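For reference, the structure discussed in these notes is given below.
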Amino acid sequence: MRVVPLLLLATTLILSACKPSTPGEAPAKPAATAPASGPAPATDAGNGMAIRETTAEIPTLAVDTVDGGRFDLSAQRGKWVVVNFWATWCAPCLKEMPELSALDAMREDVQVIGLAYEDITPADMQAFLKEHPVVYPIAVIDVMAPPADFATPRGLPTTYLISPEGKVAKAFAGPVTAGDLEALIARSPGKPG
């Protein structure tokens, strides 16, 4: 069966990009964004996996969360939204989780959504979250068909800061801290509040 080797290849590629940052490392480079606000075109990687090179300027995202809820990015207008692609096996991702959870808990104008970019069942994710609790919603994303308006992650973690107007304010390839996100929010022109 072709799916298992392809999933192993995709996991290997993602794992190779998932590494902890080192002191003195250059700041994370932003991921590319598309000038249009519609869905980014996808190409087939030859294995049925949709690959998107760019993220829409004003992305849409509507996903079911592992707690039985539904997260809709368009319903978050007026708030800053942190869209965090991560995986349970990614050490830098796990290091980010407590900071992102604290940011979400202490700021009413910030909403975090965790997108688990791995092949895991919702039940296994719920068990994982009992050991690594967060206050923000988590959704399991199909690695073969990631969200249409976001670039396919080249490594994990990959994080997007979405402005209250729904536009991508910044994209991070690699770890991000709550301080990084708060500094960007504070420097933003016309920030709410």
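Labeling convention for the structure tokens: chains A, B, ... as they appear, residues from 1 per chain, ligands from 1 in order of appearance.
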With 10 Å as the cut-off and only C-alpha atoms counted, what is the closest atom pair between each nearby residue of range 46-99 of chain A and range 118-138 of chain A? Distances in Å to one decimal, ordered by chain and number, as a tab-separated table.
```
residue	atom	partner	partner_atom	distance
A:Val63	CA	A:Ile138	CA	9.3
A:Asp64	CA	A:Ile138	CA	8.5
A:Thr65	CA	A:Ile138	CA	5.4
A:Val66	CA	A:Pro122	CA	5.5
A:Asp67	CA	A:Pro137	CA	7.5
A:Gly68	CA	A:Pro122	CA	9.6
A:Gly69	CA	A:Pro137	CA	8.2
A:Arg70	CA	A:Pro137	CA	8.8
A:Phe71	CA	A:Pro137	CA	7.7
A:Asn84	CA	A:Ile138	CA	9.4
A:Phe85	CA	A:Glu118	CA	9.6
A:Trp86	CA	A:Glu118	CA	8.1
A:Ala87	CA	A:Glu118	CA	6.0
A:Thr88	CA	A:Phe128	CA	7.8
A:Trp89	CA	A:Glu118	CA	9.0
A:Leu94	CA	A:His132	CA	8.3
A:Met97	CA	A:Val134	CA	7.0
A:Pro98	CA	A:Val134	CA	6.9
A:Glu99	CA	A:Val134	CA	9.5
```
Find the residues near Glu165 in chain A: any atom within 9 Å, counting only C-alpha atoms, skip ones fewer than 5 places away on the same chain, and give them as a PyMOL selection string. chain A and resi 58+77-80
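The space between CA of Ile51 in chain A and CA of Ala151 in chain A spans 7.5 Å.
Atom pair CA of Ala116 in chain A / CA of Leu184 in chain A: separated by 24.1 Å.
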Using DSSP on the backbone coordinates, identify the residues of range 92-158 of chain A assigned to strand (DSSP E or B); present them as a PyMOL selection string. chain A and resi 110-117+138-141+158
Can you tell me which residues surround Pro153 in chain A at a distance of at most 9 Å, considering only C-alpha atoms, apart from same-chain residues fewer than 6 positions away, and format the answer as an NGL selection string? :A and (14 or 51-53 or 85 or 117 or 146 or 173)
Residues just named, written with C-alpha atoms as a JSON list (two decimals), in the first residue's frame:
```json
[["chain", "number", "residue", "atom", "x", "y", "z"],
["A", 14, "ILE", "CA", 8.61, 17.28, 8.93],
["A", 51, "ILE", "CA", 0.96, 21.09, -1.32],
["A", 52, "ARG", "CA", 0.30, 24.83, -0.99],
["A", 53, "GLU", "CA", 3.25, 27.19, -1.32],
["A", 85, "PHE", "CA", 0.73, 24.09, 13.46],
["A", 117, "TYR", "CA", -0.36, 18.34, 11.95],
["A", 146, "PRO", "CA", -4.10, 20.61, 5.17],
["A", 173, "ALA", "CA", 8.79, 29.15, 10.72]]
```
